[in-house]
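Heads up, entry-v5.cif below (mmCIF, C-alpha atoms and all ligand atoms):
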data_structure
loop_
_atom_site.group_PDB
_atom_site.id
_atom_site.type_symbol
_atom_site.label_atom_id
_atom_site.label_comp_id
_atom_site.auth_asym_id
_atom_site.auth_seq_id
_atom_site.Cartn_x
_atom_site.Cartn_y
_atom_site.Cartn_z
ATOM 1 C CA MET T 1 -21.040 -12.690 21.449
ATOM 2 C CA PRO T 2 -24.813 -12.809 20.779
ATOM 3 C CA GLU T 3 -25.778 -13.034 17.126
ATOM 4 C CA TRP T 4 -27.880 -9.857 17.091
ATOM 5 C CA ILE T 5 -25.031 -7.786 18.518
ATOM 6 C CA ARG T 6 -22.615 -9.329 16.031
ATOM 7 C CA LYS T 7 -24.957 -8.588 13.133
ATOM 8 C CA ARG T 8 -25.693 -5.085 14.330
ATOM 9 C CA CYS T 9 -22.285 -3.881 15.473
ATOM 10 C CA PHE T 10 -19.697 -6.101 13.848
ATOM 11 C CA TYR T 11 -20.943 -6.613 10.301
ATOM 12 C CA SER T 12 -18.134 -4.551 8.840
ATOM 13 C CA ILE T 13 -14.794 -3.089 9.871
ATOM 14 C CA LYS T 14 -16.308 0.370 9.690
ATOM 15 C CA SER T 15 -19.254 -0.464 11.942
ATOM 16 C CA MET T 16 -16.930 -2.215 14.377
ATOM 17 C CA LYS T 17 -14.777 0.896 14.654
ATOM 18 C CA ARG T 18 -17.862 3.017 15.226
ATOM 19 C CA THR T 19 -19.155 0.618 17.888
ATOM 20 C CA LEU T 20 -15.856 0.493 19.754
ATOM 21 C CA VAL T 21 -15.320 4.256 19.650
ATOM 22 C CA SER T 22 -18.747 4.880 21.180
ATOM 23 C CA CYS T 23 -18.130 2.161 23.783
ATOM 24 C CA TYR T 24 -14.839 3.720 24.839
ATOM 25 C CA GLY T 25 -16.450 7.166 24.912
ATOM 26 C CA LEU T 26 -19.237 5.881 27.144
ATOM 27 C CA CYS T 27 -16.758 4.128 29.458
ATOM 28 C CA LEU T 28 -14.724 7.304 29.769
ATOM 29 C CA LEU T 29 -17.833 9.347 30.560
ATOM 30 C CA MET T 30 -19.055 6.829 33.163
ATOM 31 C CA THR T 31 -15.610 6.699 34.780
ATOM 32 C CA LEU T 32 -15.622 10.483 34.994
ATOM 33 C CA ILE T 33 -19.079 10.505 36.607
ATOM 34 C CA LEU T 34 -17.976 7.807 39.048
ATOM 35 C CA TRP T 35 -14.848 9.763 39.890
ATOM 36 C CA LEU T 36 -16.996 12.844 40.566
ATOM 37 C CA MET T 37 -19.289 10.779 42.800
ATOM 38 C CA TYR T 38 -16.336 9.541 44.806
ATOM 39 C CA ALA T 39 -14.946 13.074 45.034
ATOM 40 C CA GLU T 40 -18.308 14.375 46.251
ATOM 41 C CA TYR T 41 -18.620 11.587 48.794
ATOM 42 C CA LYS T 42 -15.131 12.292 50.108
ATOM 43 C CA LYS T 43 -15.887 15.978 50.426
ATOM 44 C CA LEU T 44 -19.465 15.921 51.719
ATOM 45 C CA GLY T 45 -19.844 12.479 53.263
ATOM 46 C CA TYR T 46 -22.911 11.733 51.121
ATOM 47 C CA ILE T 47 -23.787 11.497 47.438
ATOM 48 C CA ARG T 48 -26.678 12.777 45.383
ATOM 49 C CA VAL T 49 -28.173 10.776 42.545
ATOM 50 C CA LYS T 50 -30.970 12.522 40.646
ATOM 51 C CA GLY T 51 -31.826 14.697 43.654
ATOM 52 C CA ASN T 52 -31.851 11.802 46.144
ATOM 53 C CA ILE T 53 -29.321 11.978 48.934
ATOM 54 C CA TYR T 54 -27.576 8.774 49.911
ATOM 55 C CA SER T 55 -25.550 8.790 53.098
ATOM 56 C CA GLY T 56 -23.813 6.245 55.319
ATOM 57 C CA GLN T 57 -24.373 2.630 54.325
ATOM 58 C CA ASP T 58 -26.543 3.657 51.357
ATOM 59 C CA SER T 59 -23.842 5.844 49.843
ATOM 60 C CA ILE T 60 -21.276 3.062 50.116
ATOM 61 C CA LEU T 61 -23.662 0.604 48.460
ATOM 62 C CA THR T 62 -24.521 3.099 45.719
ATOM 63 C CA LEU T 63 -20.844 3.745 45.044
ATOM 64 C CA TYR T 64 -20.094 0.031 44.955
ATOM 65 C CA GLY T 65 -23.040 -0.556 42.645
ATOM 66 C CA CYS T 66 -21.935 2.164 40.240
ATOM 67 C CA THR T 67 -18.328 0.963 40.369
ATOM 68 C CA PHE T 68 -19.509 -2.528 39.528
ATOM 69 C CA VAL T 69 -21.542 -1.292 36.544
ATOM 70 C CA VAL T 70 -18.657 0.827 35.213
ATOM 71 C CA ALA T 71 -16.171 -2.008 35.700
ATOM 72 C CA LEU T 72 -18.501 -4.364 33.851
ATOM 73 C CA MET T 73 -18.797 -1.897 30.982
ATOM 74 C CA ILE T 74 -15.030 -1.505 30.743
ATOM 75 C CA ILE T 75 -14.568 -5.287 30.762
ATOM 76 C CA MET T 76 -17.230 -5.656 28.037
ATOM 77 C CA THR T 77 -15.568 -2.975 25.924
ATOM 78 C CA ILE T 78 -12.136 -4.543 26.230
ATOM 79 C CA TYR T 79 -13.651 -7.944 25.468
ATOM 80 C CA SER T 80 -15.386 -6.490 22.392
ATOM 81 C CA THR T 81 -12.113 -4.986 21.203
ATOM 82 C CA PHE T 82 -10.331 -8.327 21.366
ATOM 83 C CA TYR T 83 -13.345 -10.121 19.921
ATOM 84 C CA GLY T 84 -13.461 -7.660 17.011
ATOM 85 C CA LEU T 85 -9.726 -7.887 16.357
ATOM 86 C CA TYR T 86 -9.833 -11.680 16.513
ATOM 87 C CA GLN T 87 -12.812 -11.910 14.165
ATOM 88 C CA ALA T 88 -11.227 -9.415 11.769
ATOM 89 C CA LYS T 89 -8.009 -11.424 11.757
ATOM 90 C CA ARG T 90 -9.939 -14.568 10.900
ATOM 91 C CA GLY T 91 -11.579 -12.683 8.070
ATOM 92 C CA LYS T 92 -14.993 -13.032 9.703
ATOM 93 C CA ILE T 93 -15.716 -9.339 9.546
ATOM 94 C CA SER T 94 -16.540 -8.133 6.119
ATOM 95 C CA ASN T 95 -14.617 -5.243 4.682
ATOM 96 C CA LEU T 96 -17.354 -4.746 2.092
ATOM 97 C CA PRO T 97 -19.282 -1.496 1.905
ATOM 98 C CA VAL T 98 -22.666 -1.445 3.666
ATOM 99 C CA ASN T 99 -24.443 -0.807 0.380
ATOM 100 C CA SER T 100 -22.953 -1.638 -2.973
ATOM 101 C CA ILE T 101 -24.116 -1.248 -6.539
ATOM 102 C CA CYS T 102 -23.386 -3.241 -9.670
ATOM 103 C CA TYR T 103 -21.512 -1.292 -12.322
ATOM 104 C CA ASN T 104 -23.279 -3.205 -15.098
ATOM 105 C CA CYS T 105 -26.924 -3.615 -14.065
ATOM 106 C CA GLU T 106 -27.007 -1.041 -11.226
ATOM 107 C CA SER T 107 -28.614 -3.484 -8.780
ATOM 108 C CA VAL T 108 -28.129 -2.362 -5.197
ATOM 109 C CA PHE T 109 -27.077 -4.873 -2.554
ATOM 110 C CA ASN T 110 -26.966 -4.683 1.215
ATOM 111 C CA ILE T 111 -23.868 -6.098 2.907
ATOM 112 C CA SER T 112 -25.915 -9.045 4.230
ATOM 113 C CA GLU T 113 -26.845 -10.091 0.680
ATOM 114 C CA ILE T 114 -23.343 -10.428 -0.739
ATOM 115 C CA THR T 115 -20.133 -12.222 0.138
ATOM 116 C CA SER T 116 -17.872 -10.616 -2.432
ATOM 117 C CA MET T 117 -17.774 -7.626 -4.729
ATOM 118 C CA VAL T 118 -19.398 -9.590 -7.547
ATOM 119 C CA CYS T 119 -22.993 -8.997 -8.657
ATOM 120 C CA THR T 120 -25.167 -12.052 -7.951
ATOM 121 C CA LYS T 121 -27.533 -11.068 -10.758
ATOM 122 C CA CYS T 122 -25.207 -10.458 -13.706
ATOM 123 C CA GLY T 123 -21.696 -11.229 -12.453
ATOM 124 C CA GLY T 124 -20.586 -7.628 -12.859
ATOM 125 C CA THR T 125 -18.279 -5.781 -10.508
ATOM 126 C CA LEU T 126 -19.832 -4.181 -7.426
ATOM 127 C CA GLU T 127 -18.819 -0.785 -6.169
ATOM 128 C CA ASP T 128 -19.531 1.207 -3.030
ATOM 129 C CA LEU T 129 -22.933 2.849 -3.505
ATOM 130 C CA LYS T 130 -21.682 5.901 -1.646
ATOM 131 C CA GLY T 131 -20.457 8.356 -4.259
ATOM 132 C CA PHE T 132 -21.188 5.989 -7.152
ATOM 133 C CA TYR T 133 -23.198 8.541 -9.118
ATOM 134 C CA ASP T 134 -20.581 11.193 -8.426
ATOM 135 C CA ARG T 135 -17.915 8.927 -9.894
ATOM 136 C CA TYR T 136 -20.080 7.989 -12.873
ATOM 137 C CA PRO T 137 -22.428 10.914 -13.562
ATOM 138 C CA GLU T 138 -23.349 9.358 -16.907
ATOM 139 C CA LYS T 139 -25.026 6.472 -15.023
ATOM 140 C CA ASN T 140 -27.425 8.834 -13.323
ATOM 141 C CA THR T 141 -29.977 8.965 -16.120
ATOM 142 C CA THR T 142 -32.875 7.054 -14.584
ATOM 143 C CA GLY T 143 -33.124 9.610 -11.745
HETATM 144 ZN ZN ZN W 201 -25.191 -6.746 -11.950
#
Could you quickly redo this structure as structure tokens?
Ligand SMILES: [Zn+2]
Amino acid sequence: MPEWIRKRCFYSIKSMKRTLVSCYGLCLLMTLILWLMYAEYKKLGYIRVKGNIYSGQDSILTLYGCTFVVALMIIMTIYSTFYGLYQAKRGKISNLPVNSICYNCESVFNISEITSMVCTKCGGTLEDLKGFYDRYPEKNTTG
């Protein structure tokens, strides 16, 4: 798995779930479109892609091409699922929140800056930034 994909899509359990859900959604959509193309070809003997009509040899090649692309996407998605599960099992995917805040000094950290829920500045306990000021309204004095 390329580093930039790993950093972008697999930096946390949450982001991994989001990535995989959209991948499966896309695969499902593409499969549906492909199925419709095949159905149209069966019925009409030609297919239309963006207003262009492909018939005979061209339609077969277009269908094969699209099938290949969809199959590749499905393989990639399944591979990503196993990759994600494997990495998560090895503890390589962080379960930390994307942005966290120190309870003591209120420093904010991105997930790439920390390896545990301990503040690197003061040693205080980090919490999920999301909802922090709702949980501790008294902290919200600096505005
Ligand atoms: Zn701190």
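Shortest atom-to-atom contact with ligand ZN 201 (chain W) among T:Ile101, T:Asp134, T:Ile114, T:Thr62: T:Ile101, counting all atoms listed in the file.
Environment of ligand ZN 201 (chain W), defined as every protein or nucleic acid residue with an atom within 12 Å of it and counting only C-alpha atoms and all ligand atoms, comprises Ser100, Ile101, Cys102, Tyr103, Asn104, Cys105, Glu106, Ser107, Val108, Phe109, Ile114, Met117, Val118, Cys119, Thr120, Lys121, Cys122, Gly123, Gly124, Thr125, Leu126 and Glu127 of chain T.
Closest approach to Glu40 in chain T from the set T:Val69, T:Leu63, T:Ile13, T:Leu20 is made by T:Leu63, with distances taken over all atoms listed in the file.
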Report as an mmCIF file with C-alpha atoms, in the coordinates of the input all protein, DNA and RNA residues lying within 12 Å of Ser80 in chain T, evaluated on all atoms listed in the file, omitting residues in the same chain fewer than 6 positions from it.
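result.cif, freshly written:
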data_model
loop_
_atom_site.group_PDB
_atom_site.id
_atom_site.type_symbol
_atom_site.label_atom_id
_atom_site.label_comp_id
_atom_site.auth_asym_id
_atom_site.auth_seq_id
_atom_site.Cartn_x
_atom_site.Cartn_y
_atom_site.Cartn_z
ATOM 1 C CA MET T 1 -21.040 -12.690 21.449
ATOM 2 C CA PRO T 2 -24.813 -12.809 20.779
ATOM 3 C CA ILE T 5 -25.031 -7.786 18.518
ATOM 4 C CA ARG T 6 -22.615 -9.329 16.031
ATOM 5 C CA CYS T 9 -22.285 -3.881 15.473
ATOM 6 C CA PHE T 10 -19.697 -6.101 13.848
ATOM 7 C CA MET T 16 -16.930 -2.215 14.377
ATOM 8 C CA LYS T 17 -14.777 0.896 14.654
ATOM 9 C CA THR T 19 -19.155 0.618 17.888
ATOM 10 C CA LEU T 20 -15.856 0.493 19.754
ATOM 11 C CA VAL T 21 -15.320 4.256 19.650
ATOM 12 C CA SER T 22 -18.747 4.880 21.180
ATOM 13 C CA CYS T 23 -18.130 2.161 23.783
ATOM 14 C CA TYR T 24 -14.839 3.720 24.839
ATOM 15 C CA MET T 73 -18.797 -1.897 30.982
ATOM 16 C CA ILE T 74 -15.030 -1.505 30.743
ATOM 17 C CA TYR T 86 -9.833 -11.680 16.513
ATOM 18 C CA GLN T 87 -12.812 -11.910 14.165
ATOM 19 C CA ALA T 88 -11.227 -9.415 11.769
#
Worksheet item: So how far away is CA of Tyr83 in chain T from CA of Tyr64 in chain T, in Å?
Response: 27.8 Å
Worksheet item: Just so the selection is clear, what residues does the PyMOL selection byres (((chain T and resi 30) around 10) and not hetatm) cover here, as a PyMOL selection string?
Response: chain T and resi 24-29+31-36+66-67+69-71+73-74
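Between CA of Lys43 in chain T and CA of Phe68 in chain T lies a distance of 21.8 Å.
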Padding of 6 Å on every side, edges along x, y and z, all listed atoms of range 76-89 of chain T included: what centre and edge lengths in Å, to one decimal, does that box have, as lines of an AutoDock Vina configuration file?
center_x = -12.6
center_y = -7.4
center_z = 19.9
size_x = 21.2
size_y = 20.9
size_z = 28.3
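Across the model, the gap from CA of Tyr11 in chain T to CA of Phe82 in chain T is 15.4 Å.
Proximity ranking of T:Asn99, T:Gln57, T:Ser112, T:Thr77 relative to Arg8 in chain T places T:Ser112 first, based on all atoms listed in the file.
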